[in-house]
2 protein chains.
Amino acid sequence: MTFSIHDLARHLNISIGTVSRALNGRADVNADTRQRVLEAARALNYSPNQSGRSLRQGATHSIAFMLQPHPGDQEYGEPFFIPFLTGLQGRLAESGLDLIVVMGAPGDYQQERLRRVVETRRADAVVLAWTRREDERIDYLTQAGFPFATLGRSRSGGKTYPSLDLDFEKAGADAVDRLVARGHRRIAAIRPSLDLNFGYLFLDGYRKALRRHGIAVDPGLIAGGFINEAGGYEVTPQVMRRKDPPTAIIFNNDAMALGGCKALAEMGIKPGHDMAVTVIVDTPLCRYFSPALTAFRPALQPMGRRLAEMLLASLPAFAGAAGPETIREVWPLELIARDSD
Amino acid sequence: MTFSIHDLARHLNISIGTVSRALNGRADVNADTRQRVLEAARALNYSPNQSGRSLRQGATHSIAFMLQPHPGDQEYGEPFFIPFLTGLQGRLAESGLDLIVVMGAPGDYQQERLRRVVETRRADAVVLAWTRREDERIDYLTQAGFPFATLGRSRSGGKTYPSLDLDFEKAGADAVDRLVARGHRRIAAIRPSLDLNFGYLFLDGYRKALRRHGIAVDPGLIAGGFINEAGGYEVTPQVMRRKDPPTAIIFNNDAMALGGCKALAEMGIKPGHDMAVTVIVDTPLCRYFSPALTAFRPALQPMGRRLAEMLLASLPAFAGAAGPETIREVWPLELIARDSD
DNA sequence: TGTGTTCTCGTAAACGTTTACGGAAAAACG
DNA sequence: CGTTTTTCCGTAAACGTTTACGAGAACACA
């Protein structure tokens with residue numbers, strides 16, 4: 001049914017070995033014949049069967065990104081990832097690699113999907129996001145000897161894999177510094193599960209900055225919930241019900257911030273007026289919310305490109321002259337001051 | 001390096017043929033041996049090499065979704081698609097199919113990526129979105145005899161493929177009806193390129209509804225631009241600069257609406273106060289914008305499921321008893337009244 | 001016991017590539 | 001001209017599966 005290298009070879013009256021070599025740019029083929037082969041391939045619209053190549057070469061020429069929607073978010077989506085993926089795919093394409101995004105059902109653990117990708121050799125490497133503090137996926141991949149890179153740090157797996165992360169500690173600290181400079185002393189922090197490594201890092205920076213300013217860390221001003229709007233909505237009242245409520249809240253996440261602001265609104269509290277609100281990871285929603293939320297913005301597209309580069313550098317088939325020394329990077333988050341604080 | 005069916009067979013002292021048959025649930029294998037094979041496969045953690053299967057069977061067991069970010073949107077992302085993809089992937093997974101999302105660089109035409117997917121047999125079928133009125137991708141796929149389904153209608157390719165669309169005509173008309181009922185007579189429409197079929201359909205519904213109400217369609221109240229925030233920002237002043245400016249604007253798209261509202265704000269015009277604003281396709285941004293934008297909401301996740309089902313029904317390997325009669329569907333958009341009109 | 005049927009399984013070919021190997025022809029070299 | 005090297009290409013094996021085919025064993029039936 002489909003057009004194979006045999007057909008092409010027969011058409012050219014040449015052996016399939018030569019055709020393959022010509023197509024793959026090997027040296028031991030005459031310039032003329034190469035020319036003929038390439039022209040014929042173009043004219044007859046031949047392109048090699050991917051399964052055949054993969055089988056023979058043991059490589060799929062594609063990288064898998066594991067995308068998993070958050071549980072309970074029917075509506076929200078993950079606008080965060082699209083620019084990142086754009087950068088990632090752009091860089092991979094330059095090296096002839098396809099990016100395939102493997103979707104998992106929302107809520108189920110990725111472990112099973114990951115195993116499938118790895119064991120069936122669907123991709124040559126995977127990219128993980130939402131790294132956890134102890135991440136079984138990382139353990140699995142290192143133990144299986146499967147190449148991967150992560151968006152986010154983790155304590156799992158040693159320092160053997162490329163990772164790119166954002167400086168959540170610093171953002172947490174910067175947020176505190178800024179609020180303290182503006183006269184706030186009672187600053188709350190709303191975080192997702194501490195499993196999620198960025199939640200942990202953020203809280204760490206928050207705590208250290210408070211201490212640096214000589215402000216005691218009040219556990220009652222720290223609350224954690226599901227990393228979605230419902231989580232923020234549910235958890236924010238906890239810190240507000242204190243006898244000595246905060247005058248500022250730092251949300252680790254845009255969705256939680258929106259839920260939190262909804263809760264605040266129901267208490268008659270207006271962000272930017274009665275309450276300073278800062279968000280760590282900016283998304284378009286922060287910009288369009290009213291009041292526009294002060295937030296820390298990541299450079300998502302460059303991050304995607306960079307992580308692709310780091311991953312490529314770690315793959316034997318692509319490693320250039322340089323060894324994989326710059327394997328772990330932490331990028332800054334840029335403060336975008338808006339109206340909510 | 002990896003564990004193949006040969007190893008499994010050797011370990012069991014059985015031929016690979018029998019192992020394969022046992023694994024694939026064929027009838028001509030003894031119940032005992034099947035049991036043994038399955039247990040060993042499980043214990044030794046065997047899973048078949050995907051390239052091998054694909055090569056032999058001529059099927060990849062995966063469906064490709066072509067995702068292409070809009071040009072010029074570094075930041076915005078496509079939250080629209082995530083719930084849709086969740087539904088799509090969920091249904092496909094139930095039939096043992098993987099969903100792979102093929103990313104294209106923003107702005108470049110998908111045609112080249114599509115050819116690659118098709119010619120290299122990376123997927124058994126593809127799902128297209130953002131259908132155009134005349135869509136070369138559809139022409140290509142039908143001509144190539146490659147199975148596909150579309151999110152959105154098109155005039156291309158006849159009625160040979162499953163398609164699921166939203167009723168943009170009706171939404172456009174409903175929006176007009178509602179605004180007329182509220183006393184508006186000068187109603188503007190901001191649309192993306194008419195290439196995009198939903199832009200065309202929307203405008204069609206808008207026009208017909210106006211005529212039905214005996215209101216002449218004023219071309220000066222219709223403007224089209226790029227389907228992003230910049231487009232809305234750039235184009236909205238065009239309708240506002242008329243001597244007889246509109247009292248209501250219908251935006252076909254959330255991003256354009258946000259840009260348009262920005263332009264309005266700069267003119268000192270407040271949506272929901274000095275100007276009624278309606279958006280056709282709702283996203284979280286519409287909800288969180290201030291004022292919250294009245295918009296028509298699609299049932300994205302069920303749509304994803306349904307389109308997967310329709311696609312499956314059109315694939316010979318999956319077609320059940322029923323023929324592919326319900327091949328084209330148009331789903332309603334639900335009005336969510338908020339504060340902007 | 002002979003014949004036909006049913007179960008079960010092994011053998012081997014095939015899917016479309018890439019690539020190690022070897023050989024023929026051409027070129028280089030003395 | 002003989003020898004060595006280089007250039008180029010064909011042959012065939014291999015990647016890991018699935019599956020058509022056939023055959024042996026067991027069973028049923030007469």
# chains A, B, ... in the order shown; residues from 1 in each chain; ligands from 1

call {"tool": "residues_around", "arguments": {"residues": "DA30 in chain D", "least_positions_apart": "5", "cutoff": "12 Å", "atoms": "only C-alpha atoms (C1' of nucleotides)", "output": "number ranges by chain"}}
result
C: 1-4

call {"tool": "residues_around", "arguments": {"residues": "DA26 in chain C", "least_positions_apart": "4", "cutoff": "12 Å", "atoms": "only C-alpha atoms (C1' of nucleotides)", "output": "PyMOL selection string"}}
result
chain D and resi 5-8

call {"tool": "residues_around", "arguments": {"residues": "Ser15 in chain B", "least_positions_apart": "3", "cutoff": "9 Å", "atoms": "only C-alpha atoms (C1' of nucleotides)", "output": "PyMOL selection string"}}
result
(chain B and resi 6+9-10+12+18-20) or (chain C and resi 9-10)

call {"tool": "interface_residues", "arguments": {"of": "chain C", "to": "chain B", "cutoff": "10 Å", "atoms": "only C-alpha atoms (C1' of nucleotides)", "output": "number ranges by chain"}}
result
C: 7-11, 14-17

call {"tool": "write_last_selection", "arguments": {"atoms": "C-alpha atoms (C1' of nucleotides)", "output": "PDB file, in the first residue's frame"}}
result
ATOM      1  C1'  DC C   7      -6.357 -28.647  19.869  1.00  0.00           C
ATOM      2  C1'  DT C   8      -2.125 -26.954  20.276  1.00  0.00           C
ATOM      3  C1'  DC C   9       2.145 -25.515  18.910  1.00  0.00           C
ATOM      4  C1'  DG C  10       6.527 -24.811  16.143  1.00  0.00           C
ATOM      5  C1'  DT C  11       8.516 -22.945  11.810  1.00  0.00           C
ATOM      6  C1'  DA C  14       7.116 -10.891   6.435  1.00  0.00           C
ATOM      7  C1'  DC C  15       6.870  -5.765   7.796  1.00  0.00           C
ATOM      8  C1'  DG C  16      10.750  -1.516   6.091  1.00  0.00           C
ATOM      9  C1'  DT C  17      14.670  -0.107   7.489  1.00  0.00           C
TER      10       DT C  17
END

call {"tool": "interface_residues", "arguments": {"of": "chain D", "to": "chain A", "cutoff": "7 Å", "atoms": "only C-alpha atoms (C1' of nucleotides)", "output": "PyMOL selection string"}}
result
chain D and resi 8-10+15
